[in-house]
Structures are given as structure tokens and as C-alpha cells.
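Below is input_35.txt, holding compact mmCIF, C-alpha atoms.
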```txt
# COMPACT_ATOMS: atom_id res chain seq x y z
CA MET X 1 -126.47 41.54 74.69
CA ALA X 2 -126.80 39.52 71.50
CA LYS X 3 -123.61 38.41 69.79
CA VAL X 4 -122.74 40.61 66.84
CA ASN X 5 -122.64 38.47 63.70
CA ASP X 6 -119.25 39.41 62.30
CA ASP X 7 -117.89 36.02 61.30
CA GLN X 8 -117.24 37.40 57.81
CA MET X 9 -114.36 39.48 59.12
CA LEU X 10 -112.72 36.58 60.94
CA LEU X 11 -113.29 34.20 58.03
CA GLY X 12 -111.92 36.75 55.62
CA ALA X 13 -108.53 36.74 57.36
CA SER X 14 -107.89 33.16 56.29
CA VAL X 15 -108.57 34.11 52.67
CA VAL X 16 -105.43 36.28 52.58
CA GLY X 17 -103.45 33.41 54.11
CA ASP X 18 -104.79 31.21 51.34
CA ILE X 19 -103.52 33.62 48.69
CA TYR X 20 -99.96 33.29 50.00
CA SER X 21 -100.25 29.52 50.46
CA ASN X 22 -101.50 29.27 46.87
CA MET X 23 -98.70 31.56 45.75
CA ALA X 24 -95.97 29.50 47.42
CA GLN X 25 -97.27 26.27 45.92
CA GLU X 26 -97.66 27.78 42.45
CA LEU X 27 -94.11 29.13 42.55
CA PHE X 28 -92.78 25.66 43.41
CA ILE X 29 -94.78 24.06 40.59
CA ARG X 30 -93.32 26.66 38.21
CA MET X 31 -89.81 25.75 39.38
CA ILE X 32 -90.48 22.04 38.87
CA LYS X 33 -91.79 22.59 35.34
CA ARG X 34 -88.77 24.70 34.46
CA ILE X 35 -86.33 22.13 35.88
CA LYS X 36 -88.07 19.22 34.13
CA GLN X 37 -88.30 21.07 30.83
CA ARG X 38 -86.41 19.17 28.11
CA GLY X 39 -85.92 16.27 30.58
CA VAL X 40 -82.86 15.39 32.66
CA ALA X 41 -80.81 13.47 30.08
CA ASP X 42 -78.16 16.22 30.08
CA LEU X 43 -77.98 16.02 33.88
CA LYS X 44 -76.64 12.48 33.50
CA ASP X 45 -74.44 12.95 30.43
CA ASN X 46 -73.18 16.49 31.00
CA PRO X 47 -74.34 17.74 34.43
CA TYR X 48 -72.52 21.07 34.37
CA LEU X 49 -73.99 21.95 30.96
CA TRP X 50 -77.44 21.06 32.35
CA GLN X 51 -76.74 23.29 35.36
CA LEU X 52 -75.70 26.17 33.11
CA GLU X 53 -78.84 25.80 30.99
CA LYS X 54 -81.10 25.81 34.04
CA LEU X 55 -79.38 28.81 35.63
CA ASN X 56 -79.66 30.68 32.33
CA ASP X 57 -83.43 30.18 32.62
CA MET X 58 -83.55 32.11 35.91
CA HIS X 59 -84.14 35.54 34.37
CA MET X 60 -87.10 34.36 32.30
CA LEU X 61 -88.58 32.38 35.21
CA ASN X 62 -88.20 35.38 37.52
CA GLU X 63 -89.92 37.71 35.07
CA GLU X 64 -92.87 35.31 34.84
CA ASN X 65 -92.98 34.98 38.63
CA ILE X 66 -92.88 38.74 39.21
CA ALA X 67 -95.89 39.27 36.96
CA TYR X 68 -97.76 36.52 38.82
CA VAL X 69 -96.78 37.72 42.32
CA ALA X 70 -97.64 41.35 41.52
CA LYS X 71 -101.15 40.33 40.50
CA GLN X 72 -101.66 38.19 43.62
CA THR X 73 -100.31 40.80 46.04
CA GLY X 74 -102.60 43.39 44.45
CA VAL X 75 -105.58 41.18 45.28
CA ALA X 76 -104.21 40.64 48.80
CA ARG X 77 -103.86 44.41 49.33
CA GLU X 78 -107.48 45.03 48.34
CA LEU X 79 -108.65 42.18 50.54
CA ILE X 80 -106.75 43.48 53.57
CA ASP X 81 -108.43 46.87 53.15
CA GLU X 82 -111.84 45.24 52.70
CA ILE X 83 -111.48 42.93 55.69
CA ILE X 84 -109.90 45.34 58.17
CA GLN X 85 -111.33 48.71 57.16
CA ASN X 86 -114.83 47.92 55.91
CA GLU X 87 -115.66 44.82 57.95
CA GLY X 88 -113.90 46.31 61.00
CA LEU X 89 -116.05 49.44 60.84
CA LYS X 90 -119.18 47.26 60.69
CA VAL X 91 -118.07 45.49 63.88
CA TYR X 92 -117.67 48.84 65.63
CA GLN X 93 -120.99 50.21 64.36
CA ASP X 94 -122.98 47.08 65.21
CA THR X 95 -121.45 46.91 68.68
CA ALA X 96 -122.15 50.59 69.39
CA GLU X 97 -125.73 50.33 68.15
CA GLN X 98 -126.45 47.37 70.41
CA ILE X 99 -125.02 49.15 73.46
CA VAL X 100 -127.05 52.29 72.65
CA ALA X 101 -130.16 50.09 72.42
CA ASP X 102 -129.48 48.75 75.93
CA THR X 103 -128.61 52.12 77.52
CA ASP X 104 -129.37 55.81 77.22
CA ALA X 105 -126.01 56.52 75.58
CA THR X 106 -125.57 58.58 72.42
CA THR X 107 -124.22 56.94 69.28
CA PRO X 108 -120.51 57.84 68.97
CA SER X 109 -118.78 59.38 65.95
CA TYR X 110 -116.98 56.93 63.67
CA ASN X 111 -114.34 59.32 62.27
CA SER X 112 -111.49 58.39 64.62
CA VAL X 113 -112.32 54.70 64.25
CA GLN X 114 -112.01 54.89 60.47
CA GLU X 115 -108.58 56.46 60.81
CA THR X 116 -107.50 53.76 63.27
CA LEU X 117 -108.68 51.00 60.94
CA SER X 118 -106.95 52.61 57.98
CA ASN X 119 -103.69 52.63 59.93
CA TYR X 120 -104.15 48.99 60.91
CA ALA X 121 -104.72 48.00 57.28
CA LYS X 122 -101.67 49.94 56.11
CA GLN X 123 -99.44 48.47 58.81
CA THR X 124 -100.65 44.92 58.18
CA PHE X 125 -99.95 45.18 54.47
CA LEU X 126 -96.61 46.86 55.18
CA ASP X 127 -95.55 44.00 57.47
CA ILE X 128 -96.35 41.43 54.78
CA ASP X 129 -95.06 43.63 51.97
CA ASN X 130 -91.64 44.21 53.55
CA LEU X 131 -90.95 40.59 54.50
CA VAL X 132 -92.71 38.76 51.67
CA ASN X 133 -93.87 40.77 48.66
CA GLN X 134 -90.83 42.94 48.02
CA THR X 135 -88.41 40.04 48.26
CA LEU X 136 -90.49 38.03 45.78
CA LEU X 137 -90.71 40.99 43.41
CA THR X 138 -87.02 41.87 43.31
CA THR X 139 -85.18 41.42 40.00
CA ASN X 140 -81.97 40.85 41.95
CA LEU X 141 -81.64 37.07 41.51
CA GLY X 142 -79.27 36.79 44.45
CA LYS X 143 -81.82 38.30 46.84
CA ASN X 144 -85.03 36.85 45.43
CA PRO X 145 -85.91 33.85 47.69
CA VAL X 146 -87.61 31.90 44.89
CA MET X 147 -84.55 32.21 42.69
CA GLN X 148 -82.30 31.29 45.62
CA VAL X 149 -84.32 28.09 46.16
CA TYR X 150 -84.34 27.34 42.41
CA GLN X 151 -80.56 27.77 42.21
CA LYS X 152 -79.98 25.53 45.23
CA ILE X 153 -82.25 22.81 43.79
CA VAL X 154 -80.26 22.86 40.54
CA GLU X 155 -76.85 22.92 42.24
CA GLN X 156 -77.70 20.24 44.82
CA SER X 157 -79.16 17.97 42.15
CA VAL X 158 -75.95 18.25 40.13
CA ALA X 159 -73.82 17.60 43.23
CA GLU X 160 -75.70 14.37 44.03
CA VAL X 161 -75.42 13.13 40.45
CA THR X 162 -71.72 13.95 39.98
CA THR X 163 -70.78 12.23 43.25
CA GLY X 164 -72.68 9.13 42.11
CA LEU X 165 -75.06 9.21 45.05
CA LYS X 166 -78.27 9.27 42.99
CA SER X 167 -79.71 8.97 39.54
CA PRO X 168 -80.71 12.27 37.84
CA ASP X 169 -84.45 11.70 38.36
CA LYS X 170 -84.06 10.77 42.01
CA ALA X 171 -81.63 13.61 42.69
CA VAL X 172 -84.10 16.17 41.32
CA SER X 173 -87.12 14.61 43.07
CA ASP X 174 -85.44 14.33 46.47
CA THR X 175 -83.99 17.84 46.32
CA VAL X 176 -87.30 19.41 45.27
CA MET X 177 -89.15 17.63 48.10
CA LYS X 178 -86.53 18.72 50.62
CA TRP X 179 -87.06 22.35 49.64
CA ILE X 180 -90.83 22.01 49.63
CA ASP X 181 -90.49 20.92 53.27
CA LYS X 182 -88.52 24.08 54.04
CA GLY X 183 -90.82 26.35 52.04
CA ILE X 184 -89.97 29.60 50.32
CA PRO X 185 -88.42 31.76 53.05
CA SER X 186 -89.83 35.11 54.11
CA GLY X 187 -87.63 37.78 55.65
CA PHE X 188 -88.93 36.97 59.14
CA ILE X 189 -86.67 35.19 61.64
CA ASP X 190 -88.16 34.31 65.04
CA LYS X 191 -86.41 34.45 68.42
CA GLY X 192 -85.27 30.86 68.00
CA GLY X 193 -83.43 31.79 64.82
CA HIS X 194 -85.91 30.01 62.53
CA THR X 195 -86.84 31.59 59.21
CA TRP X 196 -90.57 31.40 58.53
CA SER X 197 -91.98 30.46 55.14
CA ILE X 198 -93.91 33.13 53.27
CA GLU X 199 -97.27 31.39 53.74
CA ARG X 200 -96.78 30.81 57.48
CA TYR X 201 -95.76 34.42 58.07
CA ALA X 202 -98.60 35.95 56.03
CA ASP X 203 -101.23 33.67 57.57
CA THR X 204 -100.06 34.36 61.14
CA VAL X 205 -99.96 38.13 60.60
CA MET X 206 -103.44 38.21 59.07
CA THR X 207 -105.12 35.89 61.59
CA SER X 208 -103.59 37.54 64.66
CA THR X 209 -104.20 41.07 63.38
CA THR X 210 -107.82 40.39 62.40
CA TYR X 211 -108.76 38.88 65.74
CA ARG X 212 -107.03 41.76 67.51
CA VAL X 213 -108.85 44.35 65.39
CA TYR X 214 -112.15 42.47 65.77
CA ASN X 215 -111.90 42.53 69.56
CA GLU X 216 -110.52 46.05 69.65
CA MET X 217 -113.47 47.38 67.64
CA ARG X 218 -115.85 45.76 70.11
CA THR X 219 -113.99 46.89 73.21
CA SER X 220 -113.29 50.44 71.99
CA ALA X 221 -116.95 50.96 71.03
CA ALA X 222 -117.97 49.70 74.47
CA GLU X 223 -115.41 51.76 76.38
CA GLU X 224 -116.39 54.93 74.53
CA LEU X 225 -119.92 54.32 75.79
CA GLY X 226 -118.79 53.64 79.36
CA VAL X 227 -118.77 49.82 79.26
CA ASP X 228 -115.57 47.99 80.26
CA THR X 229 -116.94 44.51 80.99
CA PHE X 230 -117.27 41.74 78.42
CA ILE X 231 -118.46 38.17 78.10
CA MET X 232 -115.68 36.00 76.73
CA SER X 233 -116.51 33.32 74.18
CA SER X 234 -116.15 29.71 75.26
CA HIS X 235 -114.53 26.84 73.37
CA ALA X 236 -114.29 23.14 74.16
CA ALA X 237 -110.53 23.46 73.67
CA SER X 238 -108.52 26.32 75.11
CA ARG X 239 -105.01 27.52 75.87
CA PRO X 240 -104.03 27.63 79.58
CA ALA X 241 -104.27 31.44 79.82
CA CYS X 242 -107.89 31.49 78.59
CA ALA X 243 -109.29 28.29 80.13
CA PRO X 244 -110.12 29.73 83.62
CA ILE X 245 -112.00 32.80 82.31
CA GLN X 246 -113.63 31.69 79.06
CA GLY X 247 -117.42 31.90 79.14
CA HIS X 248 -117.26 34.33 82.05
CA VAL X 249 -117.61 38.10 82.40
CA VAL X 250 -114.20 39.79 82.31
CA THR X 251 -112.92 43.35 82.40
CA LYS X 252 -110.22 45.40 80.71
CA GLN X 253 -109.62 47.22 83.99
CA ARG X 254 -106.21 46.47 85.48
CA ASN X 255 -107.80 44.84 88.53
CA GLY X 256 -110.68 42.40 88.81
CA PHE X 257 -113.61 43.03 91.13
CA GLU X 258 -116.60 41.37 92.77
CA SER X 259 -119.77 42.18 90.84
CA ASN X 260 -122.24 41.17 93.58
CA GLU X 261 -124.51 40.11 90.72
CA ALA X 262 -126.10 36.65 90.65
CA GLY X 263 -124.75 34.62 87.75
CA VAL X 264 -121.78 36.97 87.20
CA GLY X 265 -119.73 36.67 90.40
CA TYR X 266 -116.10 37.73 90.33
CA VAL X 267 -115.08 39.67 87.24
CA ALA X 268 -111.48 38.81 86.36
CA SER X 269 -109.12 41.27 84.71
CA LEU X 270 -107.86 40.19 81.30
CA TYR X 271 -104.45 41.51 82.33
CA ASP X 272 -104.23 38.81 85.01
CA HIS X 273 -104.38 36.27 82.18
CA GLY X 274 -101.61 37.54 79.93
CA TYR X 275 -103.74 39.96 77.90
CA GLY X 276 -101.64 41.20 74.99
CA GLU X 277 -98.85 38.66 75.55
CA PRO X 278 -98.07 36.28 72.64
CA ASP X 279 -99.21 33.17 74.55
CA GLY X 280 -101.81 34.93 76.71
CA THR X 281 -105.46 35.84 76.27
CA GLY X 282 -105.83 37.68 72.97
CA GLY X 283 -102.30 36.66 71.93
CA ILE X 284 -101.07 34.99 68.77
CA ASN X 285 -103.62 32.53 67.37
CA CYS X 286 -106.08 33.12 70.23
CA HIS X 287 -109.57 32.79 68.74
CA HIS X 288 -111.58 33.98 71.72
CA THR X 289 -113.83 36.98 71.18
CA LEU X 290 -115.16 39.59 73.60
CA THR X 291 -118.79 40.75 73.56
CA PRO X 292 -119.73 43.87 75.61
CA PHE X 293 -121.65 42.91 78.75
CA ILE X 294 -123.55 45.41 80.89
CA ILE X 295 -123.78 44.13 84.46
CA GLY X 296 -127.33 44.43 85.74
CA VAL X 297 -128.74 44.68 82.22
CA ASN X 298 -127.45 41.67 80.27
CA LYS X 299 -127.67 38.03 81.33
CA VAL X 300 -124.90 35.47 81.17
CA PRO X 301 -125.79 32.86 78.52
CA ASP X 302 -126.84 29.52 79.93
CA THR X 303 -124.14 27.50 78.24
CA LYS X 304 -121.99 24.69 79.55
CA ILE X 305 -118.42 25.86 80.08
CA PRO X 306 -115.77 23.10 80.17
CA GLU X 307 -113.65 22.81 83.30
CA PRO X 308 -110.28 24.53 82.79
CA LYS X 309 -108.27 21.29 83.07
CA GLN X 310 -110.56 19.60 80.55
CA ALA X 311 -110.43 22.59 78.19
CA ILE X 312 -106.62 22.57 78.28
CA ALA X 313 -106.55 18.79 77.67
CA ASN X 314 -109.02 19.28 74.80
CA GLY X 315 -106.76 22.00 73.45
CA LYS X 316 -103.95 19.47 73.10
CA LYS X 317 -106.25 17.08 71.24
CA GLN X 318 -107.43 19.89 68.99
CA ALA X 319 -103.77 20.68 68.30
CA SER X 320 -103.42 17.04 67.15
CA GLN X 321 -106.34 17.57 64.77
CA ARG X 322 -104.71 20.69 63.37
CA SER X 323 -101.50 18.71 62.92
CA TYR X 324 -103.36 16.05 60.94
CA GLU X 325 -105.04 18.75 58.82
CA ARG X 326 -101.67 20.32 58.01
CA GLY X 327 -100.32 16.86 57.25
CA ILE X 328 -103.17 16.10 54.86
CA ARG X 329 -102.67 19.41 53.02
CA ASP X 330 -98.93 18.77 52.91
CA ALA X 331 -99.44 15.26 51.48
CA LYS X 332 -101.84 16.58 48.82
CA TYR X 333 -99.38 19.28 47.81
CA LYS X 334 -96.44 16.86 47.64
CA LEU X 335 -98.58 14.39 45.71
CA GLU X 336 -99.18 17.09 43.08
CA ALA X 337 -95.46 17.92 43.06
CA ALA X 338 -94.59 14.23 42.61
CA LYS X 339 -96.95 14.04 39.64
CA GLN X 340 -95.33 17.13 38.12
CA LEU X 341 -91.93 15.50 38.62
CA GLY X 342 -93.21 12.37 36.86
CA ASP X 343 -91.97 10.25 39.77
CA ASP X 344 -94.28 7.21 40.01
CA LYS X 345 -92.67 5.81 43.15
CA LEU X 346 -92.92 9.15 44.93
CA THR X 347 -96.53 9.55 43.73
CA GLN X 348 -97.46 6.18 45.25
CA HIS X 349 -95.69 7.12 48.49
CA TYR X 350 -97.68 10.32 48.96
CA GLN X 351 -100.95 8.66 47.95
CA SER X 352 -100.32 6.10 50.70
CA LEU X 353 -99.28 8.79 53.18
CA LEU X 354 -102.43 10.78 52.42
CA GLY X 355 -104.56 7.72 53.12
CA LYS X 356 -102.79 7.07 56.46
CA ARG X 357 -103.26 10.67 57.61
CA ARG X 358 -106.94 10.64 56.67
CA LEU X 359 -107.35 7.43 58.67
CA GLY X 360 -105.52 9.03 61.60
CA ILE X 361 -107.81 12.05 61.75
CA ARG X 362 -110.90 9.84 61.49
CA LYS X 363 -109.76 7.79 64.49
CA LEU X 364 -108.97 10.95 66.49
CA LEU X 365 -112.41 12.42 65.83
CA ASP X 366 -114.20 9.12 66.52
CA ASN X 367 -112.64 9.08 69.99
CA ASN X 368 -113.32 12.75 70.79
CA GLU X 369 -116.90 13.93 70.27
CA PHE X 370 -116.05 17.61 70.86
CA LEU X 371 -113.91 17.60 67.71
CA HIS X 372 -115.62 18.06 64.35
CA ARG X 373 -114.34 17.34 60.83
CA ASP X 374 -113.81 20.50 58.80
CA TYR X 375 -112.91 19.46 55.27
CA SER X 376 -112.07 23.03 54.28
CA ARG X 377 -109.04 22.80 56.58
CA GLU X 378 -107.85 19.77 54.64
CA ARG X 379 -108.06 21.39 51.22
CA ILE X 380 -104.93 22.86 49.69
CA TYR X 381 -106.83 26.10 49.03
CA LYS X 382 -109.42 26.34 51.80
CA ASN X 383 -111.31 29.44 50.77
CA GLN X 384 -111.45 29.57 46.98
CA LYS X 385 -115.22 30.15 46.94
CA LEU X 386 -114.96 32.93 49.52
CA LEU X 387 -112.10 34.54 47.60
CA ASP X 388 -114.29 34.54 44.48
CA VAL X 389 -117.06 36.24 46.51
CA TYR X 390 -114.67 38.95 47.69
CA LYS X 391 -113.33 39.53 44.18
CA LEU X 392 -116.88 39.94 42.84
CA LYS X 393 -117.72 42.31 45.68
CA MET X 394 -114.65 44.45 44.97
CA GLN X 395 -115.40 44.53 41.23
CA ARG X 396 -118.87 45.84 41.94
CA LYS X 397 -117.48 48.53 44.22
CA THR X 398 -115.04 49.61 41.49
CA LYS X 399 -117.84 49.89 38.92
CA ASN X 400 -119.95 51.97 41.30
```
Can you present the structure in this file as C-alpha cells?
Amino acid sequence: MAKVNDDQMLLGASVVGDIYSNMAQELFIRMIKRIKQRGVADLKDNPYLWQLEKLNDMHMLNEENIAYVAKQTGVARELIDEIIQNEGLKVYQDTAEQIVADTDATTPSYNSVQETLSNYAKQTFLDIDNLVNQTLLTTNLGKNPVMQVYQKIVEQSVAEVTTGLKSPDKAVSDTVMKWIDKGIPSGFIDKGGHTWSIERYADTVMTSTTYRVYNEMRTSAAEELGVDTFIMSSHAASRPACAPIQGHVVTKQRNGFESNEAGVGYVASLYDHGYGEPDGTGGINCHHTLTPFIIGVNKVPDTKIPEPKQAIANGKKQASQRSYERGIRDAKYKLEAAKQLGDDKLTQHYQSLLGKRRLGIRKLLDNNEFLHRDYSRERIYKNQKLLDVYKLKMQRKTKN
């Protein structure tokens, strides 16, 4: 069975993550501009007057932020519906049509699928809305995370100046950078007691949900037509749970079985590899996909599958690449923040750091041919062009 070309759905998930990453960075830049407004002379001469002036600005800054966040979350809501409901339905339809073409089955009804996708979209937005959007939109300054960060930056800057530890400029710069490292907190706290930033939470929810919906649309279409075996995609780098079965035919039955088919062999159960568990096959950040496979009808693709040990080792190297990519984005963002702060020394530091991280990723890729440079992962906003495409698409739908 040919692979359904549904990359648009998977790619679209990262667009929503980009919106929240963009939002977090824009909110920090707004804080910096407000803090630097009228300079920091008063912070040196009369720190508590400076603190009072900056805290008095909170209401105006929050009103501006709320208008900005409301607009961005509105776009995110429309995108979630577009990606999960519309693109998800296409995945189901394309999968069902291909199975029908290979069998004598009858094309299934799509009504129940549309309802399922609608519920997924609502729940996904609700998860992000409850732990990110509503906190950013609150007028209660004591509960709004952006205002909490802004207040702490102001108060900590004053504390470092009044104790004689730092000059006003350095106190502001160091405190801002410290909070940029922490990020604007969401309402999500993991099992380890760590509070996730708004961009990390939104990106994880969207990516994990979209891959789950993508695979569920394929598997549910197949199962409705009597097919419960699938060919699993294969990657050079893989997590331990997926490495032994990637590239092979697998089943969603609780128990594996011997197919007695040349080229297929033993069909492993996904449930024997942590299916549905956070760190198992199909878990958080798993990017493997399942394509319906009819034993006796379809042929296993003649592709080279890496040995499990090698795939796991490659997975660690790929994780290093992702770390460099995050580091490059982080350095670019902090470089922009340093420029906004007007801190020449800090600007030079992050320019140098950016260069070192770019050199590091080049060396890593030169020594590992299976890794490929993806510059979009190194941009602060990875999917601006794709976001523009989605916006245009939604505008056309509204007009029609």
C-alpha cells in the first residue's frame, strides 16, 4: 500500500508551537522595552521611585499584552481546527480509499470520524487554553504570569542595585536574561515538580496530539475495514521502544503472531513495545507513523532498516543535534534581547556563543552522515511561511 501523503498535517502541528514561541518572545521584548523606557537613571539615583514608576506601568502593559495574546490565540484556535479536523479527515479518507482499492470492502461513513476529530480539536485547544491562554489573558495582575515575571524583574533589579552588587544597567540585563532562561510559566507542572514554559507546553501538546490523531485516523480507518496490521515507518535514529520493530509489520492486536508470509515474518504487537505509554511506541514526541498493511496483498518496502542498537545510538546523536538547534535558537533570541537592552558586552557574548554553537552542529553533522542540517529548526520562528499559507487558506474559506 502506498504511503498516504499527509505531511501537511504533521508539519502544521509545529506551526501552532511557533505561534506560542513567537508569543513568549514578543512578550519578553515588550517587557524589556517598558523597563528600558526613559532609561535607568532613576534606578541609580532613586531606585524605589523607579520601581514604583515601573509597577505603575503594569496595567497599561497588561492591556496591550491582552489585545496581542487574544489575537494570537484566535489564530491558534483556527489553526488547531484546520489541522486536526480538516487535515485529519483527509488522512482518514485517503487511508480508507486506498484500502478499498486493495480489497472488496465498502467505503465507510465519515460521520463518526468527524465527531471524533471535532472532540480532539476541542480538547486540544482546551488543554492549551486552560494552562496558557486564560492565564495570559487575565486582568488580575497577581495571577497573570507575564505580569508576575515583569514585577520580579523590576524588584530583583532594584534589590541588586540597592545592595551595591551591580550597576543599574547590569542588574536589569542579568535579571532579564535569568527570566528569559526560565521562560514565561504555563499552569502545567510535571511529575518532577517542574513548571513548563508556555511555548514548551503548547508545542508538546500540539506535536503529540497531532501524531496521535494522524496514526489514529489511519488505524481506525483500517480497523473499520477489517485490517489490523500496519507497516511502521523507519528512521535512522529511534527511541529504544521503537528500534526493534520500526520498518516491520506490526499489529494493534494484544498479542503478536507468526504471519507465515515471506518478507513479513513475525508480526509484533505494538502493546509489547509500550504502545500508548509516554516513552513507548506512539508516546510523547514519537514521530513514527503507521501505514495499513494487508498481509498477502501488500509488499514490505525494500528499504534498509538500521540495527536496533545502531538506531538507539543514532537517536542519542540526533538528540545532540536537537540540543544544538535549541541552543542556536536560544542564542539568537538572547542576542535580540541584548540588543533591546542596549548592552554591548552582552550582545558580543551572544554573538560569540551563536558562532560556537553553529560550529558545534557543523562538526556533529560532518561526523554523522545520517544527520542532515535543517535550517528551519535553527530559526527563531521556524514556520512563518507556512503560517502565512494557513492564514490565506482560512481567509479564503471565510469569504466562501
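Using all atoms listed in the file, the contacts of Val16 in chain X at a cut-off of 9 Å, with sequence neighbours closer than 2 positions omitted, comprise Gly12, Ala13, Ser14, Asp18, Ile19, Tyr20, Ser21, Val75, Ala76, Arg77, Leu79, Ile80, Ala202, Asp203, Met206 and Leu387 of chain X.
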>> Excluding Pro278 in chain X and its own-chain neighbours fewer than 4 positions away, which residues fall within 12 Å of it when counting only C-alpha atoms? Please give them as an MDAnalysis selection string.
In response: chainID X and resid 204 208 212 239 241 273:274 282:286
> Looking at only C-alpha atoms, which of X:Ile83, X:Ile128, X:Val40, X:Ala221 is the one that sits closest to Thr107 in chain X?
Replying inline: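 Going through X:Ile83, X:Ile128, X:Val40, X:Ala221 one by one, the smallest distance to Thr107 in chain X is for X:Ala221.
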Could the residues of range 266-324 of chain X that have an atom at most 8 Å from range 249-259 of chain X be listed as JSON lines, each with its closest atom pair and the distance in Å to one decimal, counting only C-alpha atoms and ordered by chain and ascending residue number?
```
{"residue": "X:Tyr266", "atom": "CA", "partner": "X:Glu258", "partner_atom": "CA", "distance": 4.4}
{"residue": "X:Val267", "atom": "CA", "partner": "X:Val250", "partner_atom": "CA", "distance": 5.0}
{"residue": "X:Ala268", "atom": "CA", "partner": "X:Gly256", "partner_atom": "CA", "distance": 4.4}
{"residue": "X:Ser269", "atom": "CA", "partner": "X:Gly256", "partner_atom": "CA", "distance": 4.5}
{"residue": "X:Leu270", "atom": "CA", "partner": "X:Lys252", "partner_atom": "CA", "distance": 5.7}
{"residue": "X:Tyr271", "atom": "CA", "partner": "X:Arg254", "partner_atom": "CA", "distance": 6.1}
{"residue": "X:Asp272", "atom": "CA", "partner": "X:Asn255", "partner_atom": "CA", "distance": 7.8}
{"residue": "X:Phe293", "atom": "CA", "partner": "X:Val249", "partner_atom": "CA", "distance": 7.3}
{"residue": "X:Ile295", "atom": "CA", "partner": "X:Ser259", "partner_atom": "CA", "distance": 7.8}
{"residue": "X:Val300", "atom": "CA", "partner": "X:Val249", "partner_atom": "CA", "distance": 7.8}
```
> At a cut-off of 10 Å from (-96.7, 41.7, 53.9) in the coordinates of the file, what residues are picked up using only C-alpha atoms, written as a PyMOL selection string?
Replying inline: chain X and resi 20+73+76-77+122-134+186+198+201-203+205-206
Residues of range 121-228 of chain X at most 12 Å from range 96-103 of chain X: nearest atom pair and distance in Å, all atoms listed in the file, as a Markdown table:
```
| residue | atom | partner | partner_atom | distance |
| --- | --- | --- | --- | --- |
| X:Met217 | CA | X:Ala96 | CA | 9.4 |
| X:Arg218 | CA | X:Ala96 | CA | 8.0 |
| X:Thr219 | CA | X:Ala96 | CA | 9.7 |
| X:Ser220 | CA | X:Ala96 | CA | 9.2 |
| X:Ala221 | CA | X:Ala96 | CA | 5.5 |
| X:Ala222 | CA | X:Ala96 | CA | 6.6 |
| X:Glu223 | CA | X:Ala96 | CA | 9.8 |
| X:Glu224 | CA | X:Ala96 | CA | 8.9 |
| X:Leu225 | CA | X:Ile99 | CA | 7.6 |
| X:Gly226 | CA | X:Ile99 | CA | 9.7 |
| X:Val227 | CA | X:Ile99 | CA | 8.6 |
| X:Asp228 | CA | X:Ile99 | CA | 11.7 |
```
> Distance CA of Ile312 in chain X-CA of Pro240 in chain X, one decimal place?
Replying inline: 5.8 Å
>> With distances taken over all atoms listed in the file, which residue among X:Thr303, X:His248, X:Asn140, X:Asn65 lies nearest Met31 in chain X?
In response: X:Asn65
Could you pull the residues within 10 Å of Trp50 in chain X, counting only C-alpha atoms, minus those fewer than 5 positions along the same chain, as a PDB file with C-alpha atoms, in the frame of the given file?
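Saved result, out.pdb, follows:
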```pdb
ATOM      1  CA  ILE X  35     -86.330  22.130  35.880  1.00  0.00           C
ATOM      2  CA  GLY X  39     -85.920  16.270  30.580  1.00  0.00           C
ATOM      3  CA  VAL X  40     -82.860  15.390  32.660  1.00  0.00           C
ATOM      4  CA  ALA X  41     -80.810  13.470  30.080  1.00  0.00           C
ATOM      5  CA  ASP X  42     -78.160  16.220  30.080  1.00  0.00           C
ATOM      6  CA  LEU X  43     -77.980  16.020  33.880  1.00  0.00           C
ATOM      7  CA  LYS X  44     -76.640  12.480  33.500  1.00  0.00           C
ATOM      8  CA  ASP X  45     -74.440  12.950  30.430  1.00  0.00           C
ATOM      9  CA  LEU X  55     -79.380  28.810  35.630  1.00  0.00           C
ATOM     10  CA  ASN X  56     -79.660  30.680  32.330  1.00  0.00           C
ATOM     11  CA  VAL X 154     -80.260  22.860  40.540  1.00  0.00           C
ATOM     12  CA  VAL X 158     -75.950  18.250  40.130  1.00  0.00           C
TER      13      VAL X 158
END
```
> Hey, what's within 6 Å of range 346-360 of chain X if we count only C-alpha atoms and toss same-chain stuff fewer than 4 positions away? As a list in words, please?
Replying inline: Ile328, Ala331, Leu335 and Ala338 of chain X
